[in-house]
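**Student:** To start, I am sharing the structure in question, which I have written as structure tokens.
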Amino acid sequence: MIIKRDIIDVFKQWKDKPKRKPILLKGARQIGKTWAMETFGKECFEYCAKFDFDRQPDVKSAFQVTKDPQRILKELAFYSDVPLIAGKTLLIFDEIQECEEAFNSLKYFCEEAPEYHIIAAGSLLDVAVKKRRMTVPVGKVEVVRMFPVSFKEFLRVSDEKTFGYVESLIAPTRLPEIVLNKLKTEYRRYMISGGMPDAVVALLENQGMQALDHILQGILDLDELDFAKYAEPREIPRIHAIWHSLPSQLGKQNRKFIYKVVKTGARSKDYEDALLWLEDAGMIYRINNITKPSMPLKAYEEPDAFKVYACDCGLLRRLANLPGNIIMDSVANYTEFKGALAENAVLQSLMPMMGGQTPNYWSPESKAEVEFVIQWQDEIIPVEVKAENCVSGRSITVYDQEYHPKSRIRFSFLNLQRNGNLLSCPSPLAEWCWKWI
């Protein structure tokens, strides 16, 4: 089964840019970066030449003797089965973190050989760059962020007719019940698998929950091995402890990250590097509280008050050992964690729309709390997330009364409608709702 990834369209736009830089593709492990690069090469070029610096260590020598792109290309030709022709061949530098000279060569390809199309990617790229103190070719690459399979991409495969209906929506008008019910069913299935491509395929091909959970557990196990491979020895147990504390952190009513949940007596100064490691690895999103929802939001962040979500709701479900059938049961009572999973899934939809910039949340001293606050173009938009049909609570109303935003969004499983400045949107439509703001 092939899942069409929207990142391919991003690559296509880049291909035809007159002033093109090499792409540096970033994203968490196992999200399909290599597949996306190779698919783009096959679809849009006569030739596709991939050089994997992990599996082909001999290739490194081509970059270690010279910085001249033309000489590098002559050397690379000996390792390629296809010709390296400007404009006709896509050059893929995979696992580029394994060769610092290749990483630095992107600068020279940008300056001296911009006619060549190059995409570079690597596992835990930001982590490796920091650990090895590699020089980043700032201004000489176009950084593109890739994310797990989105619900939009999932729905396009799982229910093409419903996907087409949603795509055709122009205004936030009430959905037919049959459409809403189909969306809710597919969204629950998506929350079970998450967006890791292998897990998505297992679900869509009806391979069964045992096979699906085996895939997700395998990814979690590989993540554990990455801790040992890329982290400093003293940080490994701290990274492990934070990662495995996520279900407990998000299972609390207010979701705020508390160090003592990680370990009794834990202090922020001892665990900050471990948190940064997980962020750099793309495994978590840190969402900071703001003291005031004003432009720019970064100016009002509270660095010591934050929540931590997983990069993928399927991995979070497996990390929490939550059976998939519980999610499919609309009346199942798994209390706070039900809300946490709903928030994590919505956040997954928000991240690509925001270009990888994390939103904030608003939680004043009162009991009110708005899950996400987003700087969208020239607006500050509060976003409330409710699990299923439960929309009780006054937080977003309190926010409205105090700050009078132009737009508000509430995600739940209720039907689509607009009421004044409040857009009530089914959670499955999180990726579409921005055209109605």
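Simple scheme: letters A, B, ... for chains in structure tokens order, numbers from 1 for residues in each chain, numbers from 1 for ligands in the order shown.
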Going by DSSP on the backbone, which bits of stretch 41-223 of chain A are strand (DSSP E or B)? Write them as a PyMOL selection string, please.
**Tutor:** chain A and resi 47-52+89-94+117-121+142-145
**Student:** Got a sec: who's within 12 Å of stretch 268-277 of chain A, counting only C-alpha atoms, leaving out chain neighbours fewer than 5 positions off, as a ChimeraX atom specification?
**Tutor:** /A:124-131,226-227,230-243,245-246,257-263,282-286,303-309
**Student:** Only C-alpha atoms, please: the residues just picked out, written as a PDB file, in the first residue's frame.
**Tutor:**
```pdb
ATOM      1  CA  LEU A 124      18.605  12.386  14.727  1.00  0.00           C
ATOM      2  CA  LEU A 125      20.318  15.099  12.699  1.00  0.00           C
ATOM      3  CA  ASP A 126      20.101  17.894  15.273  1.00  0.00           C
ATOM      4  CA  VAL A 127      21.316  15.547  18.028  1.00  0.00           C
ATOM      5  CA  ALA A 128      24.298  14.390  15.968  1.00  0.00           C
ATOM      6  CA  VAL A 129      25.241  17.919  14.903  1.00  0.00           C
ATOM      7  CA  LYS A 130      25.351  19.060  18.533  1.00  0.00           C
ATOM      8  CA  LYS A 131      27.195  16.004  19.792  1.00  0.00           C
ATOM      9  CA  ASP A 226      19.318   5.688  19.938  1.00  0.00           C
ATOM     10  CA  PHE A 227      19.550   6.912  23.523  1.00  0.00           C
ATOM     11  CA  TYR A 230      23.790   9.310  20.485  1.00  0.00           C
ATOM     12  CA  ALA A 231      23.402  10.539  24.088  1.00  0.00           C
ATOM     13  CA  GLU A 232      26.110  11.141  26.665  1.00  0.00           C
ATOM     14  CA  PRO A 233      26.319   8.178  29.083  1.00  0.00           C
ATOM     15  CA  ARG A 234      25.200  10.211  32.097  1.00  0.00           C
ATOM     16  CA  GLU A 235      22.155  11.492  30.192  1.00  0.00           C
ATOM     17  CA  ILE A 236      20.874   8.102  29.014  1.00  0.00           C
ATOM     18  CA  PRO A 237      18.938   7.172  32.202  1.00  0.00           C
ATOM     19  CA  ARG A 238      17.490  10.697  32.391  1.00  0.00           C
ATOM     20  CA  ILE A 239      16.302  10.643  28.784  1.00  0.00           C
ATOM     21  CA  HIS A 240      14.810   7.207  29.381  1.00  0.00           C
ATOM     22  CA  ALA A 241      13.054   8.399  32.551  1.00  0.00           C
ATOM     23  CA  ILE A 242      11.531  11.489  30.903  1.00  0.00           C
ATOM     24  CA  TRP A 243      10.364   9.563  27.837  1.00  0.00           C
ATOM     25  CA  SER A 245       7.081   9.481  32.201  1.00  0.00           C
ATOM     26  CA  LEU A 246       5.003  10.970  29.354  1.00  0.00           C
ATOM     27  CA  PHE A 257       5.275  18.778  33.259  1.00  0.00           C
ATOM     28  CA  ILE A 258       6.464  18.078  36.808  1.00  0.00           C
ATOM     29  CA  TYR A 259       9.973  16.813  37.430  1.00  0.00           C
ATOM     30  CA  LYS A 260       9.061  14.784  40.509  1.00  0.00           C
ATOM     31  CA  VAL A 261       6.830  12.644  38.271  1.00  0.00           C
ATOM     32  CA  VAL A 262      10.015  11.645  36.432  1.00  0.00           C
ATOM     33  CA  LYS A 263      11.827  10.805  39.647  1.00  0.00           C
ATOM     34  CA  GLY A 282      11.963  15.156  17.287  1.00  0.00           C
ATOM     35  CA  MET A 283      10.423  12.772  19.808  1.00  0.00           C
ATOM     36  CA  ILE A 284       8.626  15.371  21.935  1.00  0.00           C
ATOM     37  CA  TYR A 285       7.063  18.807  21.656  1.00  0.00           C
ATOM     38  CA  ARG A 286       7.483  21.215  24.549  1.00  0.00           C
ATOM     39  CA  PRO A 303      10.257  28.865  30.560  1.00  0.00           C
ATOM     40  CA  ASP A 304       9.539  26.916  33.746  1.00  0.00           C
ATOM     41  CA  ALA A 305       5.870  26.169  33.012  1.00  0.00           C
ATOM     42  CA  PHE A 306       5.343  23.775  30.133  1.00  0.00           C
ATOM     43  CA  LYS A 307       3.710  20.581  28.908  1.00  0.00           C
ATOM     44  CA  VAL A 308       5.407  17.798  26.967  1.00  0.00           C
ATOM     45  CA  TYR A 309       3.620  15.829  24.242  1.00  0.00           C
TER      46      TYR A 309
END
```
**Student:** Determine, for each residue of stretch 316-355 of chain A having at least one atom at most 9 Å from an atom of stretch 199-209 of chain A, the closest pair of atoms and their separation in Å to one decimal, counting only C-alpha atoms; order by chain and ascending number, as CSV.
**Tutor:**
```
residue,atom,partner,partner_atom,distance
A:Pro323,CA,A:Met209,CA,8.7
A:Gly324,CA,A:Met209,CA,7.3
A:Asn325,CA,A:Met209,CA,8.8
```
**Student:** Compile the contact shell of stretch 89-98 of chain A as a PyMOL selection string: residues with an atom at most 9 Å away, counting only C-alpha atoms, same-chain residues fewer than 2 positions apart removed.
**Tutor:** chain A and resi 34+37-38+40-42+44-55+57+60+82-87+100+102-103+116-126+128-129+134
**Student:** Please produce a file of those selected residues containing N, CA and C atoms, as a tab-separated table (two decimals), in the first residue's frame.
**Tutor:**
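Below is the file again-v9.tsv, written as the result:
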```tsv
chain	number	residue	atom	x	y	z
A	34	THR	N	13.50	8.79	3.93
A	34	THR	CA	14.20	8.17	2.80
A	34	THR	C	13.22	7.80	1.70
A	37	MET	N	12.20	10.94	-0.26
A	37	MET	CA	13.25	11.43	-1.17
A	37	MET	C	13.35	10.54	-2.41
A	38	GLU	N	13.34	9.24	-2.21
A	38	GLU	CA	13.47	8.32	-3.34
A	38	GLU	C	12.25	8.39	-4.26
A	40	PHE	N	10.25	10.96	-4.72
A	40	PHE	CA	10.38	12.23	-5.45
A	40	PHE	C	11.37	12.08	-6.61
A	41	GLY	N	12.49	11.43	-6.35
A	41	GLY	CA	13.48	11.25	-7.40
A	41	GLY	C	12.95	10.43	-8.56
A	42	LYS	N	12.22	9.37	-8.25
A	42	LYS	CA	11.68	8.51	-9.29
A	42	LYS	C	10.58	9.19	-10.09
A	44	CYS	N	10.08	12.59	-10.49
A	44	CYS	CA	10.33	13.92	-11.07
A	44	CYS	C	11.69	14.08	-11.77
A	45	PHE	N	12.50	13.02	-11.79
A	45	PHE	CA	13.80	13.11	-12.42
A	45	PHE	C	14.04	11.89	-13.31
A	46	GLU	N	14.93	12.06	-14.27
A	46	GLU	CA	15.30	10.91	-15.10
A	46	GLU	C	16.10	9.90	-14.29
A	47	TYR	N	16.91	10.43	-13.36
A	47	TYR	CA	17.77	9.56	-12.56
A	47	TYR	C	17.71	9.98	-11.09
A	48	CYS	N	17.94	9.01	-10.22
A	48	CYS	CA	17.99	9.28	-8.78
A	48	CYS	C	19.20	8.53	-8.21
A	49	ALA	N	20.14	9.27	-7.64
A	49	ALA	CA	21.36	8.67	-7.09
A	49	ALA	C	21.39	8.89	-5.58
A	50	LYS	N	21.30	7.79	-4.84
A	50	LYS	CA	21.32	7.89	-3.38
A	50	LYS	C	22.66	7.42	-2.84
A	51	PHE	N	23.22	8.23	-1.95
A	51	PHE	CA	24.47	7.89	-1.29
A	51	PHE	C	24.19	7.84	0.21
A	52	ASP	N	24.33	6.66	0.78
A	52	ASP	CA	24.03	6.43	2.20
A	52	ASP	C	25.36	6.33	2.96
A	53	PHE	N	25.65	7.34	3.77
A	53	PHE	CA	26.95	7.39	4.44
A	53	PHE	C	27.07	6.41	5.60
A	54	ASP	N	25.97	5.80	5.98
A	54	ASP	CA	26.02	4.78	7.02
A	54	ASP	C	26.29	3.41	6.39
A	55	ARG	N	25.56	3.10	5.31
A	55	ARG	CA	25.72	1.80	4.67
A	55	ARG	C	26.87	1.77	3.66
A	57	PRO	N	30.19	3.50	3.78
A	57	PRO	CA	31.21	4.36	4.39
A	57	PRO	C	32.31	4.77	3.42
A	60	LYS	N	32.45	8.35	1.82
A	60	LYS	CA	32.97	9.51	2.55
A	60	LYS	C	34.26	10.04	1.93
A	82	VAL	N	23.89	5.33	-11.90
A	82	VAL	CA	23.24	6.24	-12.85
A	82	VAL	C	24.11	7.47	-13.04
A	83	PRO	N	23.98	8.16	-14.17
A	83	PRO	CA	24.79	9.36	-14.41
A	83	PRO	C	24.37	10.51	-13.49
A	84	LEU	N	25.32	11.36	-13.12
A	84	LEU	CA	25.04	12.51	-12.26
A	84	LEU	C	25.00	13.75	-13.14
A	85	ILE	N	23.80	14.06	-13.63
A	85	ILE	CA	23.62	15.12	-14.61
A	85	ILE	C	22.79	16.25	-13.99
A	86	ALA	N	23.29	17.45	-14.06
A	86	ALA	CA	22.58	18.60	-13.50
A	86	ALA	C	21.21	18.75	-14.15
A	87	GLY	N	20.18	18.89	-13.33
A	87	GLY	CA	18.82	19.07	-13.82
A	87	GLY	C	18.10	17.78	-14.13
A	100	GLU	N	30.86	14.51	8.24
A	100	GLU	CA	30.86	15.97	8.43
A	100	GLU	C	31.30	16.70	7.17
A	102	ALA	N	30.72	15.85	4.09
A	102	ALA	CA	29.57	15.90	3.18
A	102	ALA	C	28.57	16.95	3.65
A	103	PHE	N	28.40	17.02	4.95
A	103	PHE	CA	27.50	18.02	5.54
A	103	PHE	C	27.97	19.43	5.17
A	116	TYR	N	22.64	21.66	-9.51
A	116	TYR	CA	22.37	20.28	-9.08
A	116	TYR	C	21.28	20.27	-8.00
A	117	HIS	N	20.41	19.29	-8.08
A	117	HIS	CA	19.34	19.12	-7.10
A	117	HIS	C	19.83	18.15	-6.03
A	118	ILE	N	19.93	18.63	-4.79
A	118	ILE	CA	20.45	17.81	-3.69
A	118	ILE	C	19.50	17.87	-2.50
A	119	ILE	N	19.16	16.71	-1.97
A	119	ILE	CA	18.42	16.61	-0.71
A	119	ILE	C	19.25	15.78	0.25
A	120	ALA	N	19.51	16.34	1.42
A	120	ALA	CA	20.27	15.63	2.45
A	120	ALA	C	19.38	15.40	3.66
A	121	ALA	N	19.55	14.24	4.29
A	121	ALA	CA	18.76	13.91	5.47
A	121	ALA	C	19.59	13.00	6.36
A	122	GLY	N	19.12	12.84	7.59
A	122	GLY	CA	19.83	11.96	8.51
A	122	GLY	C	19.00	11.64	9.73
A	123	SER	N	19.36	10.57	10.40
A	123	SER	CA	18.68	10.18	11.63
A	123	SER	C	19.17	11.05	12.78
A	124	LEU	N	18.25	11.59	13.56
A	124	LEU	CA	18.61	12.39	14.73
A	124	LEU	C	19.64	13.45	14.35
A	125	LEU	N	19.35	14.17	13.28
A	125	LEU	CA	20.32	15.10	12.70
A	125	LEU	C	20.74	16.18	13.68
A	126	ASP	N	19.77	16.82	14.34
A	126	ASP	CA	20.10	17.89	15.27
A	126	ASP	C	20.91	17.37	16.45
A	128	ALA	N	22.95	14.72	16.44
A	128	ALA	CA	24.30	14.39	15.97
A	128	ALA	C	25.13	15.64	15.73
A	129	VAL	N	24.52	16.67	15.17
A	129	VAL	CA	25.24	17.92	14.90
A	129	VAL	C	25.77	18.52	16.20
A	134	MET	N	29.38	19.81	14.80
A	134	MET	CA	29.50	20.01	13.36
A	134	MET	C	29.08	21.42	12.99
```
**Student:** So which bits of stretch 124-223 of chain A end up alpha helix (DSSP H) when you DSSP the backbone, as a ChimeraX atom specification?
**Tutor:** /A:125-131,151-158,160-168,177-193,197-204,209-223
**Student:** By how many Å are atom CA of A:Leu180 and atom CA of A:Leu422 apart?
**Tutor:**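 Taking atom CA of A:Leu180 as the start and atom CA of A:Leu422 as the end point, the length is 19.2 Å.
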**Student:** Can you measure atom CA of A:Ser427 to atom CA of A:Ser412 for me? One decimal in Å is fine.
**Tutor:**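 Result for atom CA of A:Ser427 versus atom CA of A:Ser412: 5.2 Å, one decimal.
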**Student:** Determine, counting only C-alpha atoms, which protein, DNA and RNA residues have an atom within 9 Å of an atom of A:Glu112; residues of the same chain fewer than 2 positions away are not included. Present the result as a PyMOL selection string.
**Tutor:** chain A and resi 68-70+107-110+114-115
**Student:** Given only C-alpha atoms as the basis, pick out the residue of A:Ala342, A:Leu319, A:Val59, A:Leu347 nearest to A:Asn389.
**Tutor:** A:Ala342
**Student:** Which residue out of A:Ile381, A:Met351, A:Met196, A:Val398 has the minimum interatomic distance to A:Ile437 when only C-alpha atoms are used?
**Tutor:**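 Among the listed residues, A:Ile381 lies closest to A:Ile437.
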**Student:** Could you pull the residues within 12 Å of A:Val373, counting only C-alpha atoms, minus those fewer than 6 positions along the same chain, as a PyMOL selection string?
**Tutor:** chain A and resi 287-298+300-301+347+350+354+357-363+379-385+396+399+405+407-410
